[in-house]
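Asks: Contents of coords-v2.tsv (TSV, N, CA and C atoms) are below:
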```tsv
chain	number	residue	atom	x	y	z
A	1162	MET	N	44.12	26.26	-3.07
A	1162	MET	CA	45.50	26.65	-3.11
A	1162	MET	C	46.18	26.38	-1.78
A	1163	LEU	N	47.42	26.07	-1.86
A	1163	LEU	CA	48.20	25.83	-0.65
A	1163	LEU	C	48.82	27.14	-0.17
A	1164	SER	N	48.85	27.30	1.12
A	1164	SER	CA	49.51	28.47	1.69
A	1164	SER	C	51.02	28.27	1.63
A	1165	GLU	N	51.76	29.33	1.86
A	1165	GLU	CA	53.22	29.24	1.84
A	1165	GLU	C	53.72	28.29	2.92
A	1166	LYS	N	53.05	28.30	4.07
A	1166	LYS	CA	53.43	27.41	5.17
A	1166	LYS	C	53.24	25.95	4.76
A	1167	GLU	N	52.12	25.65	4.10
A	1167	GLU	CA	51.85	24.28	3.66
A	1167	GLU	C	52.85	23.84	2.59
A	1168	LYS	N	53.18	24.75	1.68
A	1168	LYS	CA	54.16	24.43	0.64
A	1168	LYS	C	55.52	24.11	1.26
A	1169	LYS	N	55.91	24.91	2.24
A	1169	LYS	CA	57.20	24.71	2.91
A	1169	LYS	C	57.20	23.36	3.64
A	1170	GLU	N	56.09	23.04	4.28
A	1170	GLU	CA	55.98	21.76	5.00
A	1170	GLU	C	56.08	20.58	4.04
A	1171	ILE	N	55.44	20.67	2.89
A	1171	ILE	CA	55.50	19.59	1.90
A	1171	ILE	C	56.93	19.41	1.38
A	1172	LEU	N	57.62	20.52	1.13
A	1172	LEU	CA	59.01	20.43	0.67
A	1172	LEU	C	59.91	19.80	1.72
A	1173	GLU	N	59.70	20.16	2.99
A	1173	GLU	CA	60.48	19.56	4.08
A	1173	GLU	C	60.22	18.06	4.17
A	1174	MET	N	58.95	17.68	4.04
A	1174	MET	CA	58.61	16.25	4.09
A	1174	MET	C	59.23	15.51	2.91
A	1175	ALA	N	59.25	16.12	1.75
A	1175	ALA	CA	59.81	15.48	0.56
A	1175	ALA	C	61.31	15.26	0.69
A	1176	SER	N	61.98	16.14	1.42
A	1176	SER	CA	63.43	15.99	1.57
A	1176	SER	C	63.81	15.07	2.73
A	1177	SER	N	62.83	14.61	3.50
A	1177	SER	CA	63.10	13.74	4.64
A	1177	SER	C	63.25	12.29	4.19
A	1178	GLU	N	64.41	11.71	4.44
A	1178	GLU	CA	64.66	10.31	4.07
A	1178	GLU	C	63.76	9.37	4.87
A	1179	LYS	N	63.50	9.69	6.13
A	1179	LYS	CA	62.63	8.87	6.97
A	1179	LYS	C	61.22	8.81	6.39
A	1180	MET	N	60.71	9.96	5.94
A	1180	MET	CA	59.37	10.01	5.37
A	1180	MET	C	59.31	9.21	4.07
A	1181	ARG	N	60.35	9.29	3.27
A	1181	ARG	CA	60.39	8.51	2.04
A	1181	ARG	C	60.37	7.01	2.34
A	1182	GLU	N	61.12	6.61	3.35
A	1182	GLU	CA	61.15	5.20	3.74
A	1182	GLU	C	59.77	4.74	4.20
A	1183	GLU	N	59.08	5.57	4.95
A	1183	GLU	CA	57.75	5.19	5.43
A	1183	GLU	C	56.75	5.09	4.28
A	1184	PHE	N	56.85	5.99	3.32
A	1184	PHE	CA	55.96	5.88	2.15
A	1184	PHE	C	56.30	4.64	1.32
A	1185	ARG	N	57.58	4.28	1.23
A	1185	ARG	CA	57.95	3.03	0.55
A	1185	ARG	C	57.33	1.83	1.27
A	1186	THR	N	57.37	1.85	2.61
A	1186	THR	CA	56.77	0.77	3.38
A	1186	THR	C	55.28	0.67	3.10
A	1187	LEU	N	54.61	1.81	3.05
A	1187	LEU	CA	53.18	1.80	2.74
A	1187	LEU	C	52.92	1.26	1.34
A	1188	ARG	N	53.71	1.70	0.37
A	1188	ARG	CA	53.53	1.24	-1.00
A	1188	ARG	C	53.77	-0.27	-1.11
A	1189	ASP	N	54.85	-0.75	-0.50
A	1189	ASP	CA	55.15	-2.18	-0.56
A	1189	ASP	C	54.09	-3.01	0.14
A	1190	SER	N	53.60	-2.53	1.28
A	1190	SER	CA	52.55	-3.25	2.00
A	1190	SER	C	51.27	-3.29	1.19
A	1191	SER	N	50.98	-2.20	0.52
A	1191	SER	CA	49.78	-2.15	-0.32
A	1191	SER	C	49.90	-3.15	-1.47
A	1192	ARG	N	51.06	-3.22	-2.08
A	1192	ARG	CA	51.27	-4.20	-3.17
A	1192	ARG	C	51.18	-5.63	-2.65
A	1193	LEU	N	51.72	-5.86	-1.47
A	1193	LEU	CA	51.67	-7.19	-0.87
A	1193	LEU	C	50.22	-7.60	-0.62
A	1194	PHE	N	49.43	-6.67	-0.14
A	1194	PHE	CA	48.03	-6.98	0.15
A	1194	PHE	C	47.24	-7.24	-1.13
A	1195	ARG	N	47.53	-6.47	-2.18
A	1195	ARG	CA	46.83	-6.69	-3.45
A	1195	ARG	C	47.18	-8.04	-4.06
A	1196	SER	N	48.42	-8.48	-3.92
A	1196	SER	CA	48.82	-9.76	-4.50
A	1196	SER	C	48.31	-10.93	-3.69
A	1197	SER	N	48.23	-10.76	-2.38
A	1197	SER	CA	47.74	-11.82	-1.50
A	1197	SER	C	46.95	-11.18	-0.36
A	1198	PRO	N	45.61	-11.34	-0.36
A	1198	PRO	CA	44.79	-10.69	0.66
A	1198	PRO	C	45.11	-11.14	2.10
A	1199	CYS	N	45.84	-12.21	2.25
A	1199	CYS	CA	46.19	-12.69	3.59
A	1199	CYS	C	47.56	-12.13	3.97
A	1200	MET	N	47.56	-11.13	4.79
A	1200	MET	CA	48.78	-10.47	5.25
A	1200	MET	C	49.14	-11.04	6.61
A	1201	ASP	N	50.40	-11.33	6.86
A	1201	ASP	CA	50.74	-11.84	8.18
A	1201	ASP	C	50.74	-10.68	9.20
A	1202	LEU	N	50.71	-11.03	10.45
A	1202	LEU	CA	50.54	-10.05	11.52
A	1202	LEU	C	51.69	-9.04	11.56
A	1203	ASN	N	52.92	-9.49	11.35
A	1203	ASN	CA	54.06	-8.57	11.38
A	1203	ASN	C	53.97	-7.52	10.28
A	1204	GLU	N	53.56	-7.94	9.07
A	1204	GLU	CA	53.41	-6.98	7.98
A	1204	GLU	C	52.29	-5.99	8.28
A	1205	LEU	N	51.20	-6.46	8.87
A	1205	LEU	CA	50.09	-5.58	9.22
A	1205	LEU	C	50.52	-4.55	10.26
A	1206	ILE	N	51.25	-4.98	11.27
A	1206	ILE	CA	51.72	-4.06	12.31
A	1206	ILE	C	52.68	-3.03	11.72
A	1207	LYS	N	53.57	-3.46	10.84
A	1207	LYS	CA	54.51	-2.54	10.20
A	1207	LYS	C	53.75	-1.50	9.36
A	1208	PHE	N	52.74	-1.96	8.63
A	1208	PHE	CA	51.93	-1.07	7.82
A	1208	PHE	C	51.18	-0.05	8.68
A	1209	LEU	N	50.51	-0.51	9.73
A	1209	LEU	CA	49.74	0.38	10.59
A	1209	LEU	C	50.63	1.37	11.34
A	1210	THR	N	51.82	0.94	11.72
A	1210	THR	CA	52.77	1.83	12.39
A	1210	THR	C	53.20	2.96	11.45
A	1211	ALA	N	53.47	2.61	10.19
A	1211	ALA	CA	53.86	3.63	9.22
A	1211	ALA	C	52.72	4.60	8.97
A	1212	VAL	N	51.50	4.09	8.86
A	1212	VAL	CA	50.35	4.97	8.66
A	1212	VAL	C	50.18	5.91	9.84
A	1213	ASN	N	50.35	5.40	11.04
A	1213	ASN	CA	50.20	6.23	12.24
A	1213	ASN	C	51.27	7.30	12.34
A	1214	ARG	N	52.48	7.01	11.88
A	1214	ARG	CA	53.54	8.03	11.89
A	1214	ARG	C	53.24	9.14	10.91
A	1215	ILE	N	52.72	8.76	9.73
A	1215	ILE	CA	52.45	9.75	8.70
A	1215	ILE	C	51.20	10.55	9.02
A	1216	PHE	N	50.17	9.87	9.51
A	1216	PHE	CA	48.89	10.51	9.83
A	1216	PHE	C	48.57	10.30	11.30
A	1217	PRO	N	49.24	11.03	12.19
A	1217	PRO	CA	48.99	10.82	13.62
A	1217	PRO	C	47.56	11.20	14.01
A	1218	PRO	N	47.01	10.53	15.01
A	1218	PRO	CA	45.65	10.88	15.43
A	1218	PRO	C	45.63	12.30	15.98
A	1219	GLN	N	44.54	13.00	15.73
A	1219	GLN	CA	44.43	14.37	16.19
A	1219	GLN	C	44.03	14.39	17.66
A	1220	GLN	N	44.65	15.30	18.39
A	1220	GLN	CA	44.33	15.47	19.80
A	1220	GLN	C	42.99	16.18	19.93
A	1221	ILE	N	42.12	15.64	20.74
A	1221	ILE	CA	40.84	16.29	20.99
A	1221	ILE	C	40.93	16.97	22.35
A	1222	THR	N	40.75	18.27	22.34
A	1222	THR	CA	40.79	18.99	23.61
A	1222	THR	C	39.37	19.10	24.14
A	1223	ARG	N	39.20	18.70	25.34
A	1223	ARG	CA	37.89	18.75	25.98
A	1223	ARG	C	37.98	19.63	27.22
A	1224	SER	N	36.98	20.45	27.36
A	1224	SER	CA	36.96	21.27	28.57
A	1224	SER	C	36.44	20.42	29.73
A	1225	PRO	N	36.87	20.72	30.93
A	1225	PRO	CA	36.39	19.94	32.08
A	1225	PRO	C	34.89	20.17	32.29
A	1226	LEU	N	34.23	19.17	32.81
A	1226	LEU	CA	32.80	19.28	33.07
A	1226	LEU	C	32.56	20.31	34.17
A	1227	ALA	N	31.57	21.11	33.97
A	1227	ALA	CA	31.29	22.18	34.93
A	1227	ALA	C	30.02	21.84	35.73
A	1228	TYR	N	30.04	20.72	36.39
A	1228	TYR	CA	28.92	20.34	37.24
A	1228	TYR	C	29.34	20.52	38.70
A	1229	PRO	N	28.75	21.43	39.42
A	1229	PRO	CA	29.18	21.68	40.80
A	1229	PRO	C	28.74	20.58	41.77
A	1230	ASN	N	27.72	19.82	41.43
A	1230	ASN	CA	27.21	18.84	42.38
A	1230	ASN	C	27.00	17.51	41.67
A	1231	ILE	N	28.05	16.70	41.62
A	1231	ILE	CA	27.99	15.41	40.95
A	1231	ILE	C	27.93	14.31	42.00
A	1232	ARG	N	26.96	13.43	41.87
A	1232	ARG	CA	26.84	12.30	42.81
A	1232	ARG	C	26.79	11.00	42.04
A	1233	LEU	N	27.44	10.02	42.56
A	1233	LEU	CA	27.44	8.70	41.94
A	1233	LEU	C	26.48	7.78	42.64
```
Mind converting the file's structure to structure tokens?
Replies:
Amino acid sequence: MLSEKEKKEILEMASSEKMREEFRTLRDSSRLFRSSPCMDLNELIKFLTAVNRIFPPQQITRSPLAYPNIRL
């Protein structure tokens, strides 16, 4: 089940014209690739940019190394 916060987020995304345009770009790029496996570089970059906007990479938080005596 989705929480109320997740439901609200999905509704906000659905009402966003920018998000709709990016999903259209993904859909069109997917159709282009299925019809011709050779995609030109510009189409590939446009597709990957749209994917990155929709699914941004997650930030990994790392704690600093706790070595008091490090020698190179």
Asks: Atom N of Arg1195 (chain A) to atom N of Lys1207 (chain A): how many Å, to one decimal?
Replies: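 Atom N of Lys1207 (chain A) lies at a distance of 14.7 Å from atom N of Arg1195 (chain A).
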Asks: To test your reading of the structure, identify every residue in chain A that backbone DSSP assigns to helix (DSSP H, G or I), and report it as a ChimeraX atom specification.
Replies: /A:1165-1176,1178-1196,1202-1215
Asks: Using atom C of Phe1208 (chain A) and CA of Leu1187 (chain A) as the two end points, give the distance in Å to one decimal.
Replies: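 Distance between the two atoms: 6.5 Å.
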Asks: Enter the distance from CA of Glu1170 (chain A) to CA of Ile1221 (chain A), in Å, rounded to one decimal.
Replies: 22.7 Å
Asks: Can you pull out the residues contacting Leu1205 (chain A)? Cut-off 12 Å, using only C-alpha atoms, and skip same-chain residues under 3 positions away; I want them as a list in words.
Replies: Thr1186, Leu1187, Asp1189, Ser1190, Ser1191, Leu1193, Phe1194, Pro1198, Cys1199, Met1200, Asp1201, Leu1202, Phe1208, Leu1209, Thr1210, Ala1211 and Val1212 of chain A
Asks: Could you work out an axis-aligned bounding box for all listed atoms of region 1214-1231 of chain A, with 6 Å added on each of the six sides, and give its centre and edge lengths in Å to one decimal, as JSON?
Replies:
```
{"center_x": 40.3, "center_y": 14.6, "center_z": 25.5, "size_x": 38.5, "size_y": 27.2, "size_z": 45.7}
```
